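Working notes, structure below.
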Amino acid sequence: MCIIHPFWSLLVSGLSDGFLYALIALGYTLVYGVLQLINFAHSEVFMSGGFAGYFILNRTIGSHTPHGLDSVLMVVLGTVGGAVFGGLVAFGLERAAYRPLRRRNAPRIAFLISAIGASYFLYNLAGKEFGRDAVSIKAPFNLDGNAFRLFGAQVQTYQVVVAVAAIVMLVGLDRMVAVTRLGKGIRAVAQDADTASLMGVNIDRVISQTFVIGGLLGGAAGFLFGLNYGVVYTMGFTPGLKAFTAAVLGGIGNIRGAVVGGLVLGLVENFGSACIQTSWRDVIAFGILVAVLIIRPTGLLGERLGRSA
Amino acid sequence: MSLLALQAVEVSYGSIRALKAVSLEVQEGEIVTLLGANGAGKTTTLRTISGLLVPRPGKVIFDGADIQGVAPHEIVGLGIGHVPEGRRIFPRMTVVENLEMGAYRRRGNLGPDLDRVFGLFPVLLERRKQLGGTLSGGEQQMLAIGRALMGQPRVLLLDEPSMGLAPLIVAQIFGIIKEIRQSGTTVLLVEQNAAQALSVADRGYVLETGEIVMSDRAEVLLHDDRVRAAYLGEGAA
Ligand SMILES: Nc1ncnc2c1ncn2[C@@H]1O[C@H](COP(=O)(O)OP(=O)(O)OP(=O)(O)O)[C@@H](O)[C@H]1O
Ligand SMILES: [Mg+2]
């Protein structure tokens, strides 16, 4: 039996990582819901959000050090900027890499190849344009600072920022899907696309808007991640795969499942690597992916994109 | 002029020709039934009218306009409501949400329309918060019809509404179809249950392997020996 120590700080860092995975995982799960397709280029949407946040904040903050309200504004600016840019990239991705294949009724393997091609194209483009070395986003607040103590564990300001931003977006998404016209359209297309079109749902438009929503969340996550870990053209790869794992763990296509999967993955990773060794972290994450695919391919909550899901 | 007309419509799935020069007309205010055995092409006909399939060649004329090539989501807006084969309720939406989906293209207050549907199908009011997937077959059929009515269609396409339902429910549904017509909605009814369909319809067409082989007033078809033999389970006299 291993010692999960220190429990509270592992819990806090597990949840903080988990919220980021959840935000990215939603992009996979939403798109899967309406297209039954894994958008493997979603990791590059995440990366785009990171760069957008980097350029916006480094230009705005310049050489001064933000304090108080200014810090909050900078975080909001970076998050919104990352989100908008992620949304734009996701929109373009659907138009360029998927819609032409859909028009032609291409086989599923073509979508997969197109996704991988688009992913390679985007991250190599970013590498060429922005350089091969990681850069850091100018800190809008003291990243090493602590916000408060929780049962003896220090909770970092950064972790609070991630949690608050993620919760705002997750609640917003949940409400949007539950009550708005677009949300109902997304659920209808996910449950039965032909019938949705008979009801007057423009499927092409709903698919496009679904990519954008996933892109907003993924882009925002890219900025939040980049704040702490830096921004580089390859940054999407590992978080992307882990978020995909989270989506599968929660049940691909299931919105609440993606959130549950993200949080569970963040916690298991943190407690697991404390328990064994930090170097086991990614092994644990991808071990979970393989195990879920073998034992319970429908994930913890099963595939569904409905009101209760 | 007819409200809805198909003119020499051909539809193929790959190399399979499912409809061969199908022509039919529905006048405003009529109930017209389209009869045929399994695989005759009835569903294909309705999906073509709704724009899910595109005729090559051939035309679909609605209210005087050629609607070939118009997207399905726009065709609903023109006033064609479709109750698909197998009901196709959204299983993880509530009854009310399913009904709201039927009015997806409309803006404004849906209250009077919901009241009308609940008036026709009181059981849906009792179950309004229940998920569509948990309803019984009969309730799902009522929901599918109510959902299509929410779009305020001028013509309602019904694809085998009696499929898999107990006789009592079937009778209830056919009663509602008559009421719907009374309130001014034209009906194109696809059925295998020829006796029931012909008893409510004004006119009928018989489809056999993609071709219209008979068309006449309903009571004429009801007494036709070939129809009786093929679709009413009686030996030819
Ligand atoms: N998606 C499809 N791909 C290939 N062939 C199809 C497809 N859908 C229907 N068909 C074929 O087209 C023909 C007509 O089918 P359709 O579903 O229109 O018949 P139907 O009259 O509605 O039959 P049923 O009473 O069983 O519902 C059948 O031979 C069927 O096999
Ligand atoms: Mg059929």
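Residues are referred to by chain and number: the chain letter is A, B, ... according to the order shown in the structure tokens, the number counts from 1 in that chain, and ligands are numbered separately from 1 in the order shown.
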
Site check for ligand 1: residues at most 12 Å away, only C-alpha atoms and all ligand atoms, as a PyMOL selection string: chain B and resi 10-20+34-48+52-53+84-86+158-163+189-194+206-212+231

Closest atom pairs, residues of chain B within 7 Å of chain A, only C-alpha atoms, as a Markdown table:
```
| residue | atom | partner | partner_atom | distance |
| --- | --- | --- | --- | --- |
| B:Pro72 | CA | A:Ser197 | CA | 5.8 |
| B:His73 | CA | A:Gly200 | CA | 3.8 |
| B:Glu74 | CA | A:Gly200 | CA | 6.3 |
| B:Val76 | CA | A:Gly200 | CA | 5.8 |
| B:Gly77 | CA | A:Gly200 | CA | 6.9 |
| B:His82 | CA | A:Leu198 | CA | 6.7 |
| B:Arg88 | CA | A:Thr195 | CA | 6.7 |
| B:Phe90 | CA | A:Gln191 | CA | 6.2 |
| B:Arg92 | CA | A:Gly306 | CA | 5.0 |
| B:Met93 | CA | A:Arg307 | CA | 6.1 |
| B:Met101 | CA | A:Met199 | CA | 6.1 |
| B:Gly102 | CA | A:Met199 | CA | 5.2 |
| B:Tyr104 | CA | A:Gly200 | CA | 5.9 |
| B:Arg105 | CA | A:Gly200 | CA | 5.7 |
```

Helix (DSSP H, G or I) positions in stretch 6-138 of chain B, given as a PDB file with N, CA, C and O atoms, in the first residue's frame:
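Full text of result_30.pdb as output:
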```
ATOM      1  N   LYS B  42     -42.251   3.091 -50.418  1.00  0.00           N
ATOM      2  CA  LYS B  42     -43.109   4.089 -49.767  1.00  0.00           C
ATOM      3  C   LYS B  42     -42.276   5.100 -48.977  1.00  0.00           C
ATOM      4  O   LYS B  42     -42.452   6.312 -49.113  1.00  0.00           O
ATOM      5  N   THR B  43     -41.382   4.580 -48.149  1.00  0.00           N
ATOM      6  CA  THR B  43     -40.542   5.472 -47.352  1.00  0.00           C
ATOM      7  C   THR B  43     -39.659   6.321 -48.260  1.00  0.00           C
ATOM      8  O   THR B  43     -39.474   7.520 -48.032  1.00  0.00           O
ATOM      9  N   THR B  44     -39.145   5.687 -49.307  1.00  0.00           N
ATOM     10  CA  THR B  44     -38.317   6.424 -50.260  1.00  0.00           C
ATOM     11  C   THR B  44     -39.092   7.602 -50.837  1.00  0.00           C
ATOM     12  O   THR B  44     -38.558   8.702 -50.996  1.00  0.00           O
ATOM     13  N   THR B  45     -40.365   7.378 -51.149  1.00  0.00           N
ATOM     14  CA  THR B  45     -41.194   8.449 -51.701  1.00  0.00           C
ATOM     15  C   THR B  45     -41.293   9.618 -50.717  1.00  0.00           C
ATOM     16  O   THR B  45     -41.074  10.779 -51.088  1.00  0.00           O
ATOM     17  N   LEU B  46     -41.591   9.315 -49.459  1.00  0.00           N
ATOM     18  CA  LEU B  46     -41.740  10.395 -48.475  1.00  0.00           C
ATOM     19  C   LEU B  46     -40.414  11.112 -48.218  1.00  0.00           C
ATOM     20  O   LEU B  46     -40.381  12.331 -48.080  1.00  0.00           O
ATOM     21  N   ARG B  47     -39.328  10.348 -48.170  1.00  0.00           N
ATOM     22  CA  ARG B  47     -38.022  10.990 -47.924  1.00  0.00           C
ATOM     23  C   ARG B  47     -37.618  11.868 -49.107  1.00  0.00           C
ATOM     24  O   ARG B  47     -36.871  12.829 -48.937  1.00  0.00           O
ATOM     25  N   THR B  48     -38.100  11.521 -50.288  1.00  0.00           N
ATOM     26  CA  THR B  48     -37.821  12.362 -51.457  1.00  0.00           C
ATOM     27  C   THR B  48     -38.602  13.669 -51.358  1.00  0.00           C
ATOM     28  O   THR B  48     -38.069  14.752 -51.640  1.00  0.00           O
ATOM     29  N   ILE B  49     -39.865  13.571 -50.932  1.00  0.00           N
ATOM     30  CA  ILE B  49     -40.667  14.796 -50.780  1.00  0.00           C
ATOM     31  C   ILE B  49     -40.011  15.725 -49.771  1.00  0.00           C
ATOM     32  O   ILE B  49     -39.945  16.936 -49.969  1.00  0.00           O
ATOM     33  N   PRO B  72     -33.579  19.720 -46.723  1.00  0.00           N
ATOM     34  CA  PRO B  72     -34.670  19.258 -45.858  1.00  0.00           C
ATOM     35  C   PRO B  72     -35.077  20.289 -44.809  1.00  0.00           C
ATOM     36  O   PRO B  72     -36.266  20.484 -44.570  1.00  0.00           O
ATOM     37  N   HIS B  73     -34.081  20.956 -44.191  1.00  0.00           N
ATOM     38  CA  HIS B  73     -34.460  21.869 -43.114  1.00  0.00           C
ATOM     39  C   HIS B  73     -35.228  23.073 -43.633  1.00  0.00           C
ATOM     40  O   HIS B  73     -35.917  23.743 -42.880  1.00  0.00           O
ATOM     41  N   GLU B  74     -35.122  23.351 -44.925  1.00  0.00           N
ATOM     42  CA  GLU B  74     -35.904  24.451 -45.490  1.00  0.00           C
ATOM     43  C   GLU B  74     -37.278  23.975 -45.945  1.00  0.00           C
ATOM     44  O   GLU B  74     -38.248  24.733 -45.929  1.00  0.00           O
ATOM     45  N   ILE B  75     -37.350  22.706 -46.344  1.00  0.00           N
ATOM     46  CA  ILE B  75     -38.630  22.178 -46.808  1.00  0.00           C
ATOM     47  C   ILE B  75     -39.662  22.162 -45.674  1.00  0.00           C
ATOM     48  O   ILE B  75     -40.822  22.481 -45.883  1.00  0.00           O
ATOM     49  N   VAL B  76     -39.229  21.840 -44.457  1.00  0.00           N
ATOM     50  CA  VAL B  76     -40.162  21.904 -43.320  1.00  0.00           C
ATOM     51  C   VAL B  76     -40.769  23.298 -43.232  1.00  0.00           C
ATOM     52  O   VAL B  76     -41.957  23.455 -42.977  1.00  0.00           O
ATOM     53  N   GLY B  77     -39.912  24.300 -43.407  1.00  0.00           N
ATOM     54  CA  GLY B  77     -40.358  25.677 -43.294  1.00  0.00           C
ATOM     55  C   GLY B  77     -41.399  26.046 -44.340  1.00  0.00           C
ATOM     56  O   GLY B  77     -42.209  26.941 -44.130  1.00  0.00           O
ATOM     57  N   LEU B  78     -41.394  25.334 -45.475  1.00  0.00           N
ATOM     58  CA  LEU B  78     -42.386  25.607 -46.508  1.00  0.00           C
ATOM     59  C   LEU B  78     -43.767  25.086 -46.114  1.00  0.00           C
ATOM     60  O   LEU B  78     -44.768  25.484 -46.688  1.00  0.00           O
ATOM     61  N   VAL B  95     -40.586  14.959 -23.521  1.00  0.00           N
ATOM     62  CA  VAL B  95     -41.732  15.089 -24.417  1.00  0.00           C
ATOM     63  C   VAL B  95     -41.858  16.540 -24.893  1.00  0.00           C
ATOM     64  O   VAL B  95     -41.996  16.808 -26.090  1.00  0.00           O
ATOM     65  N   VAL B  96     -41.776  17.480 -23.958  1.00  0.00           N
ATOM     66  CA  VAL B  96     -41.913  18.888 -24.351  1.00  0.00           C
ATOM     67  C   VAL B  96     -40.768  19.309 -25.276  1.00  0.00           C
ATOM     68  O   VAL B  96     -40.991  19.997 -26.268  1.00  0.00           O
ATOM     69  N   GLU B  97     -39.555  18.854 -24.970  1.00  0.00           N
ATOM     70  CA  GLU B  97     -38.428  19.218 -25.839  1.00  0.00           C
ATOM     71  C   GLU B  97     -38.606  18.640 -27.242  1.00  0.00           C
ATOM     72  O   GLU B  97     -38.293  19.292 -28.240  1.00  0.00           O
ATOM     73  N   ASN B  98     -39.109  17.408 -27.308  1.00  0.00           N
ATOM     74  CA  ASN B  98     -39.390  16.830 -28.620  1.00  0.00           C
ATOM     75  C   ASN B  98     -40.387  17.697 -29.381  1.00  0.00           C
ATOM     76  O   ASN B  98     -40.213  17.971 -30.572  1.00  0.00           O
ATOM     77  N   LEU B  99     -41.424  18.128 -28.686  1.00  0.00           N
ATOM     78  CA  LEU B  99     -42.433  18.969 -29.340  1.00  0.00           C
ATOM     79  C   LEU B  99     -41.816  20.299 -29.776  1.00  0.00           C
ATOM     80  O   LEU B  99     -42.094  20.791 -30.874  1.00  0.00           O
ATOM     81  N   GLU B 100     -40.967  20.855 -28.928  1.00  0.00           N
ATOM     82  CA  GLU B 100     -40.308  22.118 -29.301  1.00  0.00           C
ATOM     83  C   GLU B 100     -39.434  21.933 -30.540  1.00  0.00           C
ATOM     84  O   GLU B 100     -39.314  22.835 -31.367  1.00  0.00           O
ATOM     85  N   MET B 101     -38.816  20.756 -30.666  1.00  0.00           N
ATOM     86  CA  MET B 101     -38.005  20.497 -31.869  1.00  0.00           C
ATOM     87  C   MET B 101     -38.851  20.596 -33.124  1.00  0.00           C
ATOM     88  O   MET B 101     -38.375  21.033 -34.171  1.00  0.00           O
ATOM     89  N   GLY B 102     -40.114  20.193 -33.028  1.00  0.00           N
ATOM     90  CA  GLY B 102     -40.998  20.274 -34.196  1.00  0.00           C
ATOM     91  C   GLY B 102     -41.223  21.704 -34.654  1.00  0.00           C
ATOM     92  O   GLY B 102     -41.566  21.956 -35.806  1.00  0.00           O
ATOM     93  N   GLY B 111     -47.146  28.286 -26.989  1.00  0.00           N
ATOM     94  CA  GLY B 111     -48.195  27.860 -26.066  1.00  0.00           C
ATOM     95  C   GLY B 111     -49.442  27.305 -26.736  1.00  0.00           C
ATOM     96  O   GLY B 111     -49.844  26.170 -26.450  1.00  0.00           O
ATOM     97  N   PRO B 112     -50.052  28.058 -27.654  1.00  0.00           N
ATOM     98  CA  PRO B 112     -51.278  27.568 -28.281  1.00  0.00           C
ATOM     99  C   PRO B 112     -51.066  26.251 -29.032  1.00  0.00           C
ATOM    100  O   PRO B 112     -51.954  25.388 -29.026  1.00  0.00           O
ATOM    101  N   ASP B 113     -49.880  26.104 -29.658  1.00  0.00           N
ATOM    102  CA  ASP B 113     -49.610  24.863 -30.399  1.00  0.00           C
ATOM    103  C   ASP B 113     -49.436  23.683 -29.453  1.00  0.00           C
ATOM    104  O   ASP B 113     -49.919  22.576 -29.722  1.00  0.00           O
ATOM    105  N   LEU B 114     -48.739  23.942 -28.334  1.00  0.00           N
ATOM    106  CA  LEU B 114     -48.584  22.869 -27.338  1.00  0.00           C
ATOM    107  C   LEU B 114     -49.956  22.466 -26.803  1.00  0.00           C
ATOM    108  O   LEU B 114     -50.270  21.281 -26.675  1.00  0.00           O
ATOM    109  N   ASP B 115     -50.793  23.476 -26.528  1.00  0.00           N
ATOM    110  CA  ASP B 115     -52.138  23.182 -26.019  1.00  0.00           C
ATOM    111  C   ASP B 115     -52.919  22.332 -27.017  1.00  0.00           C
ATOM    112  O   ASP B 115     -53.630  21.406 -26.636  1.00  0.00           O
ATOM    113  N   ARG B 116     -52.773  22.649 -28.290  1.00  0.00           N
ATOM    114  CA  ARG B 116     -53.501  21.901 -29.305  1.00  0.00           C
ATOM    115  C   ARG B 116     -53.047  20.431 -29.314  1.00  0.00           C
ATOM    116  O   ARG B 116     -53.870  19.507 -29.338  1.00  0.00           O
ATOM    117  N   VAL B 117     -51.719  20.227 -29.268  1.00  0.00           N
ATOM    118  CA  VAL B 117     -51.195  18.861 -29.281  1.00  0.00           C
ATOM    119  C   VAL B 117     -51.649  18.108 -28.024  1.00  0.00           C
ATOM    120  O   VAL B 117     -52.075  16.955 -28.094  1.00  0.00           O
ATOM    121  N   PHE B 118     -51.574  18.781 -26.864  1.00  0.00           N
ATOM    122  CA  PHE B 118     -52.007  18.125 -25.625  1.00  0.00           C
ATOM    123  C   PHE B 118     -53.516  17.856 -25.654  1.00  0.00           C
ATOM    124  O   PHE B 118     -53.998  16.913 -25.036  1.00  0.00           O
ATOM    125  N   GLY B 119     -54.257  18.696 -26.401  1.00  0.00           N
ATOM    126  CA  GLY B 119     -55.688  18.450 -26.566  1.00  0.00           C
ATOM    127  C   GLY B 119     -55.945  17.190 -27.381  1.00  0.00           C
ATOM    128  O   GLY B 119     -56.833  16.385 -27.054  1.00  0.00           O
ATOM    129  N   LEU B 120     -55.139  17.009 -28.425  1.00  0.00           N
ATOM    130  CA  LEU B 120     -55.297  15.814 -29.268  1.00  0.00           C
ATOM    131  C   LEU B 120     -54.806  14.565 -28.540  1.00  0.00           C
ATOM    132  O   LEU B 120     -55.373  13.488 -28.668  1.00  0.00           O
ATOM    133  N   PRO B 122     -53.947  13.769 -24.829  1.00  0.00           N
ATOM    134  CA  PRO B 122     -53.831  14.127 -23.408  1.00  0.00           C
ATOM    135  C   PRO B 122     -52.737  13.353 -22.678  1.00  0.00           C
ATOM    136  O   PRO B 122     -52.134  13.867 -21.733  1.00  0.00           O
ATOM    137  N   VAL B 123     -52.427  12.146 -23.133  1.00  0.00           N
ATOM    138  CA  VAL B 123     -51.416  11.351 -22.445  1.00  0.00           C
ATOM    139  C   VAL B 123     -50.050  12.039 -22.497  1.00  0.00           C
ATOM    140  O   VAL B 123     -49.227  11.908 -21.590  1.00  0.00           O
ATOM    141  N   LEU B 124     -49.814  12.824 -23.549  1.00  0.00           N
ATOM    142  CA  LEU B 124     -48.528  13.519 -23.666  1.00  0.00           C
ATOM    143  C   LEU B 124     -48.388  14.602 -22.605  1.00  0.00           C
ATOM    144  O   LEU B 124     -47.285  14.897 -22.146  1.00  0.00           O
ATOM    145  N   LEU B 125     -49.510  15.186 -22.212  1.00  0.00           N
ATOM    146  CA  LEU B 125     -49.475  16.204 -21.161  1.00  0.00           C
ATOM    147  C   LEU B 125     -49.035  15.569 -19.847  1.00  0.00           C
ATOM    148  O   LEU B 125     -48.207  16.103 -19.116  1.00  0.00           O
ATOM    149  N   GLU B 126     -49.590  14.383 -19.562  1.00  0.00           N
ATOM    150  CA  GLU B 126     -49.195  13.682 -18.336  1.00  0.00           C
ATOM    151  C   GLU B 126     -47.711  13.343 -18.343  1.00  0.00           C
ATOM    152  O   GLU B 126     -47.068  13.289 -17.305  1.00  0.00           O
ATOM    153  N   GLY B 132     -38.275  10.971 -24.089  1.00  0.00           N
ATOM    154  CA  GLY B 132     -38.941  10.343 -25.226  1.00  0.00           C
ATOM    155  C   GLY B 132     -38.679   8.851 -25.323  1.00  0.00           C
ATOM    156  O   GLY B 132     -39.569   8.071 -25.648  1.00  0.00           O
ATOM    157  N   GLY B 133     -37.440   8.450 -25.019  1.00  0.00           N
ATOM    158  CA  GLY B 133     -37.063   7.045 -25.146  1.00  0.00           C
ATOM    159  C   GLY B 133     -37.774   6.129 -24.170  1.00  0.00           C
ATOM    160  O   GLY B 133     -37.768   4.906 -24.346  1.00  0.00           O
ATOM    161  N   THR B 134     -38.382   6.700 -23.127  1.00  0.00           N
ATOM    162  CA  THR B 134     -39.044   5.854 -22.129  1.00  0.00           C
ATOM    163  C   THR B 134     -40.547   5.732 -22.388  1.00  0.00           C
ATOM    164  O   THR B 134     -41.251   5.091 -21.617  1.00  0.00           O
ATOM    165  N   GLY B 137     -44.643   2.491 -27.338  1.00  0.00           N
ATOM    166  CA  GLY B 137     -44.696   2.665 -28.789  1.00  0.00           C
ATOM    167  C   GLY B 137     -45.828   3.581 -29.223  1.00  0.00           C
ATOM    168  O   GLY B 137     -45.651   4.458 -30.069  1.00  0.00           O
ATOM    169  N   GLY B 138     -47.010   3.378 -28.632  1.00  0.00           N
ATOM    170  CA  GLY B 138     -48.165   4.194 -28.993  1.00  0.00           C
ATOM    171  C   GLY B 138     -47.960   5.652 -28.611  1.00  0.00           C
ATOM    172  O   GLY B 138     -48.260   6.565 -29.386  1.00  0.00           O
TER     173      GLY B 138
END
```

Which of stretch 31-152 of chain A counts as strand (DSSP E or B) under DSSP, as a list of chain:residue names please?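 DSSP-assigned strand (DSSP E or B) residues in stretch 31-152 of chain A: A:Val135, A:Asn146, A:Ala147, A:Phe148, A:Arg149, A:Leu150.
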
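Atom CA of A:Gln154 is found 27.0 Å from atom CA of A:His64.
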